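Peer 1: Provided below: my_file22.cif, containing mmCIF, C-alpha atoms and all ligand atoms.
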data_query
loop_
_atom_site.label_atom_id
_atom_site.label_comp_id
_atom_site.auth_asym_id
_atom_site.auth_seq_id
_atom_site.Cartn_x
_atom_site.Cartn_y
_atom_site.Cartn_z
CA MET A 142 91.10 -11.36 112.29
CA LYS A 143 87.83 -9.44 112.02
CA ALA A 144 85.44 -8.73 109.17
CA LEU A 145 82.80 -6.01 108.96
CA ILE A 146 79.65 -6.32 106.84
CA ILE A 147 78.01 -2.96 106.07
CA ASP A 148 75.31 -3.81 103.52
CA ALA A 149 72.78 -6.50 102.61
CA ILE A 150 74.93 -9.28 101.18
CA HIS A 151 74.31 -13.02 100.92
CA SER A 152 74.27 -14.73 104.33
CA ALA A 153 76.68 -17.43 103.08
CA ILE A 154 79.51 -14.87 103.13
CA GLY A 155 79.23 -14.16 106.86
CA GLU A 156 78.68 -17.85 107.62
CA GLU A 157 81.77 -18.99 105.72
CA LEU A 158 84.11 -16.20 106.90
CA GLY A 159 82.76 -16.74 110.42
CA LYS A 160 84.61 -20.07 110.44
CA TYR A 161 87.90 -18.15 110.32
CA MET A 162 87.27 -14.81 112.01
CA GLN A 163 84.86 -12.67 113.98
CA VAL A 164 82.25 -11.19 111.65
CA ASP A 165 80.35 -8.07 112.72
CA THR A 166 77.55 -6.24 110.95
CA LYS A 167 76.87 -2.51 111.02
CA MET A 168 74.34 -1.77 108.33
CA LEU A 169 74.85 1.26 106.10
CA PRO A 170 77.07 3.47 108.25
CA THR A 171 77.77 7.00 107.07
CA GLN A 172 81.33 7.77 105.96
CA ALA A 173 82.08 9.31 109.36
CA GLU A 174 80.61 6.33 111.24
CA LEU A 175 82.57 3.88 109.12
CA ALA A 176 85.80 5.83 109.63
CA SER A 177 85.25 5.68 113.38
CA ILE A 178 84.87 1.87 113.52
CA ILE A 179 86.94 0.54 110.60
CA GLY A 180 90.20 0.59 112.59
CA ASP A 181 89.42 -2.80 114.17
CA TYR A 182 88.80 -4.68 110.94
CA ASP A 183 90.87 -6.65 108.44
CA VAL A 184 88.09 -7.18 105.92
CA LEU A 185 85.35 -4.80 104.80
CA LEU A 186 82.37 -6.40 103.02
CA MET A 187 80.14 -3.91 101.24
CA ARG A 188 78.15 -2.99 98.16
CA VAL A 189 78.22 0.62 96.92
CA ASP A 190 77.48 2.70 100.05
CA PRO A 191 79.14 4.69 101.42
CA ALA A 192 81.91 5.93 99.11
CA ILE A 193 85.29 4.77 100.43
CA ASN A 194 87.47 7.86 100.60
CA LYS A 195 91.03 8.52 101.85
CA GLU A 196 89.80 9.25 105.38
CA ILE A 197 88.17 5.82 105.71
CA ILE A 198 91.20 4.08 104.18
CA ASP A 199 93.53 5.93 106.55
CA ALA A 200 91.34 4.96 109.49
CA GLY A 201 91.47 1.29 108.41
CA LYS A 202 94.78 0.59 110.10
CA ASN A 203 94.34 -3.22 109.85
CA LEU A 204 92.42 -3.23 106.60
CA LYS A 205 93.68 -5.80 104.09
CA VAL A 206 90.67 -6.43 101.87
CA ILE A 207 87.70 -4.41 100.64
CA ALA A 208 85.27 -6.86 99.07
CA VAL A 209 82.59 -5.16 96.98
CA CYS A 210 79.59 -7.41 96.31
CA ALA A 211 78.78 -5.50 93.11
CA VAL A 212 80.31 -4.67 89.72
CA GLY A 213 81.08 -0.92 89.82
CA LEU A 214 84.09 0.25 91.81
CA ASN A 215 83.78 3.98 91.17
CA HIS A 216 82.82 4.53 94.84
CA VAL A 217 86.22 3.30 96.09
CA ASP A 218 89.40 5.41 95.94
CA LEU A 219 91.25 2.58 94.19
CA ASP A 220 94.58 4.39 93.77
CA TYR A 221 94.78 5.22 97.46
CA ALA A 222 93.72 1.71 98.50
CA LYS A 223 96.47 0.30 96.28
CA GLU A 224 99.00 2.74 97.75
CA LYS A 225 98.05 1.44 101.21
CA GLY A 226 98.38 -2.20 100.11
CA ILE A 227 94.66 -2.93 100.46
CA GLN A 228 93.25 -5.44 97.97
CA VAL A 229 89.92 -4.42 96.46
CA PHE A 230 87.67 -7.06 94.89
CA ASN A 231 84.43 -6.76 93.01
CA ALA A 232 82.17 -9.49 91.67
CA PRO A 233 81.63 -8.88 87.97
CA GLY A 234 79.69 -11.22 85.74
CA TRP A 235 77.16 -12.61 88.20
CA SER A 236 74.48 -9.98 87.96
CA ASP A 237 74.44 -9.47 84.18
CA ASN A 238 71.15 -11.27 83.73
CA ALA A 239 69.54 -9.56 86.73
CA VAL A 240 70.38 -6.10 85.34
CA ALA A 241 69.44 -7.13 81.80
CA GLU A 242 66.03 -8.46 82.87
CA LEU A 243 65.31 -5.25 84.80
CA THR A 244 66.26 -3.26 81.69
CA ILE A 245 63.72 -5.16 79.59
CA SER A 246 61.18 -4.85 82.39
CA LYS A 247 61.60 -1.06 82.41
CA MET A 248 61.34 -0.92 78.62
CA LEU A 249 58.03 -2.78 78.81
CA ASP A 250 56.75 -0.75 81.77
CA ILE A 251 57.50 2.66 80.28
CA SER A 252 56.12 1.60 76.89
CA ARG A 253 52.80 0.48 78.36
CA GLY A 254 52.48 3.04 81.18
CA THR A 255 52.06 0.24 83.72
CA MET A 256 53.62 2.18 86.61
CA GLN A 257 51.36 5.17 86.19
CA ALA A 258 48.31 2.96 85.56
CA ASP A 259 49.04 0.97 88.70
CA ARG A 260 49.20 4.16 90.81
CA GLU A 261 45.96 5.45 89.27
CA VAL A 262 44.07 2.25 90.05
CA LYS A 263 45.40 1.70 93.57
CA GLU A 264 45.85 5.23 94.87
CA LYS A 265 43.26 7.23 92.92
CA LYS A 266 40.79 4.31 92.46
CA GLN A 267 40.53 5.22 88.76
CA TRP A 268 40.01 2.70 85.93
CA ASN A 269 41.32 4.71 82.95
CA LYS A 270 41.26 1.90 80.41
CA TYR A 271 41.30 4.14 77.33
CA LYS A 272 44.09 6.41 78.53
CA TYR A 273 46.80 3.84 77.93
CA TYR A 274 47.75 3.09 74.35
CA GLY A 275 51.22 1.72 74.64
CA SER A 276 53.75 0.63 72.07
CA GLU A 277 55.38 -2.76 71.63
CA LEU A 278 59.06 -3.65 71.60
CA ARG A 279 58.78 -5.90 68.56
CA GLY A 280 60.18 -4.21 65.46
CA LYS A 281 61.64 -1.27 67.40
CA THR A 282 65.32 -0.29 67.42
CA LEU A 283 67.33 -0.58 70.60
CA GLY A 284 70.61 1.32 70.99
CA ILE A 285 73.07 -0.05 73.54
CA LEU A 286 75.84 2.21 74.86
CA GLY A 287 78.58 -0.02 76.28
CA PHE A 288 78.51 -3.55 74.86
CA GLY A 289 80.12 -5.44 77.76
CA ARG A 290 78.64 -8.25 79.81
CA ILE A 291 75.34 -6.55 80.64
CA GLY A 292 74.99 -4.79 77.27
CA ARG A 293 75.37 -8.10 75.44
CA ARG A 294 72.88 -9.87 77.70
CA VAL A 295 70.34 -7.07 77.07
CA CYS A 296 71.02 -7.55 73.34
CA LYS A 297 70.24 -11.25 73.57
CA LEU A 298 66.96 -10.64 75.40
CA ALA A 299 66.04 -7.80 73.01
CA ASN A 300 66.68 -10.11 70.04
CA ALA A 301 64.11 -12.49 71.55
CA PHE A 302 61.62 -9.59 71.46
CA GLU A 303 62.50 -9.16 67.75
CA MET A 304 64.09 -5.75 68.29
CA LYS A 305 66.81 -4.48 65.97
CA VAL A 306 69.94 -3.76 68.00
CA TYR A 307 72.58 -1.06 67.35
CA ALA A 308 75.48 -0.78 69.78
CA TYR A 309 78.31 1.63 70.55
CA ASP A 310 81.49 0.45 72.25
CA PRO A 311 84.72 1.78 70.73
CA PHE A 312 86.86 -0.71 72.68
CA LEU A 313 85.55 -3.85 71.00
CA PRO A 314 86.46 -5.54 67.71
CA ALA A 315 83.77 -5.58 65.01
CA GLU A 316 83.09 -9.32 65.29
CA VAL A 317 81.75 -8.98 68.87
CA PHE A 318 78.80 -7.03 67.48
CA THR A 319 78.08 -9.36 64.57
CA GLU A 320 78.43 -12.48 66.76
CA ASN A 321 75.78 -11.00 69.07
CA ASN A 322 73.41 -10.02 66.30
CA ALA A 323 73.95 -6.28 66.76
CA ILE A 324 75.14 -3.51 64.45
CA GLY A 325 78.27 -1.89 65.90
CA THR A 326 78.46 1.78 65.02
CA SER A 327 79.20 5.31 66.29
CA MET A 328 77.40 6.84 69.25
CA GLU A 329 75.87 9.49 66.93
CA GLU A 330 74.37 6.77 64.71
CA VAL A 331 73.05 4.79 67.71
CA LEU A 332 71.34 7.89 69.12
CA LYS A 333 69.91 8.84 65.74
CA VAL A 334 68.27 5.51 64.85
CA SER A 335 67.11 4.23 68.25
CA ASP A 336 63.63 4.10 69.76
CA TYR A 337 65.22 3.04 73.07
CA VAL A 338 68.76 3.86 74.21
CA THR A 339 70.07 1.84 77.14
CA ILE A 340 73.28 2.70 79.01
CA HIS A 341 75.65 -0.06 80.13
CA LEU A 342 79.03 1.66 80.25
CA PRO A 343 80.91 2.72 83.40
CA LEU A 344 80.81 6.16 84.98
CA LEU A 345 84.14 7.76 84.06
CA PRO A 346 85.16 11.40 83.64
CA GLU A 347 84.58 10.97 79.88
CA THR A 348 81.14 9.34 80.29
CA ARG A 349 79.79 11.82 82.86
CA ASN A 350 76.91 13.78 81.26
CA LEU A 351 77.12 11.58 78.15
CA ILE A 352 73.37 12.10 77.77
CA SER A 353 72.89 15.86 77.85
CA THR A 354 71.02 18.54 75.89
CA GLU A 355 73.67 18.16 73.19
CA SER A 356 73.24 14.40 72.73
CA ILE A 357 69.45 14.54 73.22
CA LYS A 358 69.33 16.79 70.13
CA ASN A 359 70.59 13.83 68.06
CA MET A 360 67.79 11.54 69.25
CA LYS A 361 64.22 10.99 68.14
CA ASP A 362 61.70 13.08 70.10
CA THR A 363 59.92 9.85 70.99
CA ALA A 364 63.04 7.99 72.12
CA VAL A 365 63.25 6.49 75.60
CA VAL A 366 66.55 6.51 77.52
CA LEU A 367 67.30 3.82 80.12
CA ASN A 368 70.09 4.28 82.62
CA MET A 369 70.91 1.01 84.31
CA SER A 370 74.52 1.93 84.97
CA ARG A 371 75.36 4.91 87.17
CA GLY A 372 73.89 8.26 88.11
CA GLY A 373 75.83 11.10 86.49
CA ILE A 374 75.99 9.52 83.02
CA VAL A 375 72.65 11.17 82.28
CA ASN A 376 72.50 14.88 83.04
CA GLU A 377 69.24 14.92 85.01
CA LYS A 378 68.59 18.64 84.60
CA ASP A 379 68.91 18.37 80.80
CA MET A 380 66.77 15.23 80.82
CA TYR A 381 64.05 16.96 82.85
CA GLU A 382 63.99 19.87 80.42
CA ALA A 383 63.78 17.51 77.43
CA LEU A 384 60.91 15.53 78.99
CA LYS A 385 59.03 18.74 79.76
CA ALA A 386 59.66 20.13 76.25
CA GLY A 387 58.55 16.86 74.63
CA THR A 388 61.90 16.34 72.91
CA MET A 389 62.40 13.05 74.74
CA GLY A 390 59.85 10.24 74.96
CA GLY A 391 60.76 8.96 78.40
CA TYR A 392 63.48 8.25 80.91
CA ALA A 393 63.69 5.02 82.91
CA THR A 394 66.44 4.68 85.46
CA ASP A 395 67.74 2.48 88.25
CA VAL A 396 70.31 5.06 89.38
CA MET A 397 70.35 8.75 90.21
CA GLU A 398 73.00 11.42 90.38
CA ASN A 399 72.59 12.17 94.09
CA GLU A 400 71.67 8.73 95.41
CA LEU A 401 74.70 8.83 97.71
CA ALA A 402 74.31 12.52 98.49
CA GLY A 403 75.43 13.70 101.89
CA GLY A 404 75.00 10.26 103.42
CA GLY A 405 71.29 11.07 103.14
CA LEU A 406 70.15 7.58 102.26
CA THR A 407 72.21 5.92 104.94
CA LYS A 408 70.56 8.15 107.53
CA GLY A 409 67.15 7.38 106.11
CA ALA A 410 66.75 10.95 104.87
CA GLY A 411 64.98 11.37 101.55
CA PHE A 412 66.00 13.18 98.43
CA ASP A 413 64.01 14.84 95.71
CA SER A 414 64.17 15.59 92.01
CA PRO A 415 62.02 17.55 89.55
CA LEU A 416 61.97 14.31 87.53
CA PHE A 417 59.63 12.79 90.13
CA GLY A 418 56.89 15.03 88.74
CA CYS A 419 57.18 13.63 85.20
CA ASP A 420 54.76 10.87 84.13
CA ASN A 421 57.22 9.60 81.51
CA PHE A 422 59.93 9.08 84.12
CA ILE A 423 60.18 5.80 86.02
CA VAL A 424 62.75 4.92 88.65
CA SER A 425 63.88 2.16 90.98
CA PRO A 426 66.35 2.54 93.88
CA HIS A 427 69.45 0.87 92.37
CA ILE A 428 68.07 -2.66 92.47
CA GLY A 429 69.49 -3.85 89.14
CA ALA A 430 71.77 -6.54 90.53
CA GLN A 431 69.56 -7.32 93.48
CA THR A 432 68.06 -10.75 92.91
CA LYS A 433 68.35 -13.79 95.15
CA ASP A 434 69.94 -15.63 92.24
CA ALA A 435 72.66 -13.01 91.68
CA ALA A 436 73.31 -12.49 95.41
CA TYR A 437 74.09 -16.18 95.82
CA LEU A 438 76.50 -16.25 92.88
CA ILE A 439 78.17 -12.99 93.98
CA GLY A 440 78.50 -14.40 97.51
CA GLN A 441 80.31 -17.52 96.30
CA ASP A 442 82.67 -15.41 94.19
CA ILE A 443 83.47 -13.00 97.05
CA ILE A 444 84.03 -15.85 99.53
CA ALA A 445 86.57 -17.44 97.17
CA LYS A 446 88.36 -14.11 96.57
CA VAL A 447 88.56 -13.14 100.26
CA LYS A 448 89.73 -16.61 101.28
CA GLY A 449 92.31 -16.60 98.49
CA ALA A 450 93.63 -13.14 99.44
CA LEU A 451 93.96 -14.05 103.13
CA ASN A 452 95.16 -17.58 102.45
CA LEU A 453 92.33 -19.14 104.44
CA GLN A 454 92.07 -22.87 103.81
P1 LIG A 501 81.62 -4.42 81.41
O1 LIG A 501 82.96 -3.93 81.82
O2 LIG A 501 81.47 -5.86 81.04
O3 LIG A 501 81.10 -3.56 80.16
C1 LIG A 501 81.26 -2.17 80.06
C2 LIG A 501 81.51 -1.85 78.60
O4 LIG A 501 81.56 -0.44 78.47
C3 LIG A 501 82.84 -2.41 78.09
O5 LIG A 501 82.65 -3.24 76.95
C4 LIG A 501 83.64 -1.16 77.73
O6 LIG A 501 84.42 -1.32 76.54
C5 LIG A 501 82.53 -0.13 77.50
N1 LIG A 501 82.99 1.24 77.68
C6 LIG A 501 83.83 1.73 78.60
N2 LIG A 501 84.00 3.06 78.41
C7 LIG A 501 83.24 3.40 77.35
C8 LIG A 501 83.02 4.60 76.66
N3 LIG A 501 83.62 5.74 77.05
N4 LIG A 501 82.19 4.58 75.61
C9 LIG A 501 81.58 3.44 75.22
N5 LIG A 501 81.77 2.24 75.82
C10 LIG A 501 82.59 2.23 76.88
O7 LIG A 501 80.64 -4.02 82.58
P2 LIG A 501 79.17 -4.60 82.88
O8 LIG A 501 79.28 -5.72 83.84
O9 LIG A 501 78.44 -4.80 81.61
O10 LIG A 501 78.56 -3.37 83.70
C11 LIG A 501 78.35 -2.11 83.05
C12 LIG A 501 78.04 -1.05 84.09
O11 LIG A 501 76.77 -1.38 84.68
C13 LIG A 501 79.01 -1.03 85.29
O12 LIG A 501 80.04 -0.11 85.04
C14 LIG A 501 78.16 -0.62 86.47
O13 LIG A 501 78.34 0.75 86.72
C15 LIG A 501 76.73 -0.84 85.99
N6 LIG A 501 76.02 -1.80 86.84
C16 LIG A 501 74.86 -1.40 87.41
C17 LIG A 501 74.14 -2.27 88.21
C18 LIG A 501 72.84 -1.86 88.84
O14 LIG A 501 72.52 -2.35 89.92
N7 LIG A 501 72.05 -1.01 88.23
C19 LIG A 501 74.61 -3.57 88.44
C20 LIG A 501 75.79 -3.97 87.82
C21 LIG A 501 76.48 -3.05 87.01
#
As a first step, turn the structure in this file into structure tokens.
Peer 2:
Amino acid sequence: MKALIIDAIHSAIGEELGKYMQVDTKMLPTQAELASIIGDYDVLLMRVDPAINKEIIDAGKNLKVIAVCAVGLNHVDLDYAKEKGIQVFNAPGWSDNAVAELTISKMLDISRGTMQADREVKEKKQWNKYKYYGSELRGKTLGILGFGRIGRRVCKLANAFEMKVYAYDPFLPAEVFTENNAIGTSMEEVLKVSDYVTIHLPLLPETRNLISTESIKNMKDTAVVLNMSRGGIVNEKDMYEALKAGTMGGYATDVMENELAGGGLTKGAGFDSPLFGCDNFIVSPHIGAQTKDAAYLIGQDIIAKVKGALNLQ
């Protein structure tokens, strides 16, 4: 048997599977590159790049397991994998705290202008002490869209900052909100009352463009949106226009609509966005789950799932 690692995953995975099979690494291949080499492998170990389409699945003649060392599975054609008898695993639950801490970090950063101030000091050698009058999280209202594992962890941390938490998740019973010290309500109400709105629901056809000109109209002009989930949930063009018009206080994101575009990132090519010119926009390159702590826990989970699926003792 042979396994192929195509992204930065915990070293324990390769070490453990290496006891049972040959383990190769080809970092971040494009879709075409992956399709050309996947035929030899029984196990594919990856994160979220590149998207696994029908062509790659068809090329994976020996493929039995796709192990995704992440939560989201929207980049894998799950129906087709199932049709071909390939088991697909993810590792939910291990990175909740990592994503939640980054969410709070972004809330603090955008509220105090630390990113912009840092660039001014280091790049422009400016000491603009009086330019930055931030606001505090204490006493503010946080709206959480999607009250699952990560949403609830963010709620717990926000409670520690003495924020008032409203949450929208139509799939949960009322007691989940009360037990977590949040007010469960409609999306309209969450958008209306919140100073910060953070997104922790999956990218689905019905959640694509959830934050758009239409929904931005229901929000405070000073509100800050945080997207820690997936590019595409926030319509970036509408967000840019709202930031420019001053009808939105800020946008902090860990994900972007075109982060997988054209295999650009895997080839080292850049991408651009009008948002990059906005001071009240801050971004990180999809690092939410990426801590040493989470990688270790994810690694142990994936090892157990792959060994279980292939009956490796
Ligand atoms: P989860 O499944 O525990 O929670 C998602 C919640 O969203 C569920 O409670 C579900 O009921 C709710 N939901 C689904 N559809 C909805 C809708 N249409 N409207 C409102 N609520 C809806 O998942 P999680 O572990 O909390 O992760 C949430 C998302 O975060 C994932 O889908 C993933 O895309 C993203 N994520 C991002 C990173 C990162 O690196 N930035 C890391 C991990 C997860």
Peer 1: Go through the chains and note each residue within 7 Å of ligand LIG 501 (chain A), using all atoms listed in the file, then give the set as JSON, numbers by chain.
Peer 2: {"A": [211, 212, 213, 233, 234, 236, 237, 240, 286, 287, 288, 289, 290, 291, 292, 309, 310, 311, 312, 313, 341, 342, 343, 344, 347, 348, 369, 370, 371, 395, 396, 427, 428, 429, 430, 431]}
Peer 1: List as a PyMOL selection string the protein and nucleic acid residues near Asp362 (chain A), meaning an atom at most 6 Å away when all atoms listed in the file are counted, but skip any in the same chain fewer than 6 places from it.
Peer 2: chain A and resi 388-390
Peer 1: Of the candidates A:Glu156, A:Glu303, A:Asp148, A:Glu398, which shows the shortest atom-to-atom distance to Leu185 (chain A), using only C-alpha atoms?
Peer 2: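 Closest to Leu185 (chain A) of all the choices is A:Asp148.
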Peer 1: Determine the nearest neighbour of Asn452 (chain A) from the options A:Ala149, A:Ile227, A:Tyr161, A:Leu204, counting only C-alpha atoms.
Peer 2: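 Of A:Ala149, A:Ile227, A:Tyr161, A:Leu204, the one nearest Asn452 (chain A), counting only C-alpha atoms, is A:Tyr161.
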Peer 1: Measuring between all atoms listed in the file, which one of A:Leu278, A:Met304, A:Val229, A:Ala241 shows the shortest distance to Arg253 (chain A)?
Peer 2: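 Residue with the minimum atom-to-atom distance to Arg253 (chain A): A:Leu278.
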Peer 1: Here is a test: counting only C-alpha atoms, which residue of A:Leu367, A:Val334, A:Ile193, A:Ala383 is nearest to Glu355 (chain A)?
Peer 2: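 Checking each of A:Leu367, A:Val334, A:Ile193, A:Ala383 against Glu355 (chain A), counting only C-alpha atoms, the winner is A:Ala383.
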Peer 1: My list of candidates is A:Met248, A:Ala222, A:Val317, A:Ala393. Which is closest to Leu298 (chain A) when distances are computed with only C-alpha atoms?
Peer 2: A:Met248
Peer 1: I'd like the contact shell of Gly275 (chain A) - 9 Å cut-off, all atoms listed in the file, skipping same-chain residues fewer than 5 positions apart - returned as a list in words.
Peer 2: Ile251, Ser252, Arg253 and Gly254 of chain A
Peer 1: Just the residues within 6 Å of Val184 (chain A), please, counting only C-alpha atoms, with nothing from its chain fewer than 6 positions along; format it as a ChimeraX atom specification.
Peer 2: /A:144,204,206-207
Peer 1: When you count only C-alpha atoms, which of these residues is closest to Leu175 (chain A): A:Ala192, A:Lys223, A:Tyr381, A:Gly284?
Peer 2: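 Using only C-alpha atoms, the shortest distance to Leu175 (chain A) belongs to A:Ala192.
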Peer 1: Rounded to one decimal place, report the CA of Ala435 (chain A)-CA of Ile150 (chain A) distance in Å.
Peer 2: 10.5 Å
Peer 1: Mind listing whatever residues come within 12 Å of the point (56.7, -1.1, 80.5)? Use only C-alpha atoms, file coordinates, and give them as a ChimeraX atom specification.
Peer 2: /A:243-259,273-278,365,367,391-393,421-424
Peer 1: Distance CA of Lys281 (chain A)-CA of Ser335 (chain A), one decimal place?
Peer 2: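 That distance, rounded to one decimal, is 7.8 Å.
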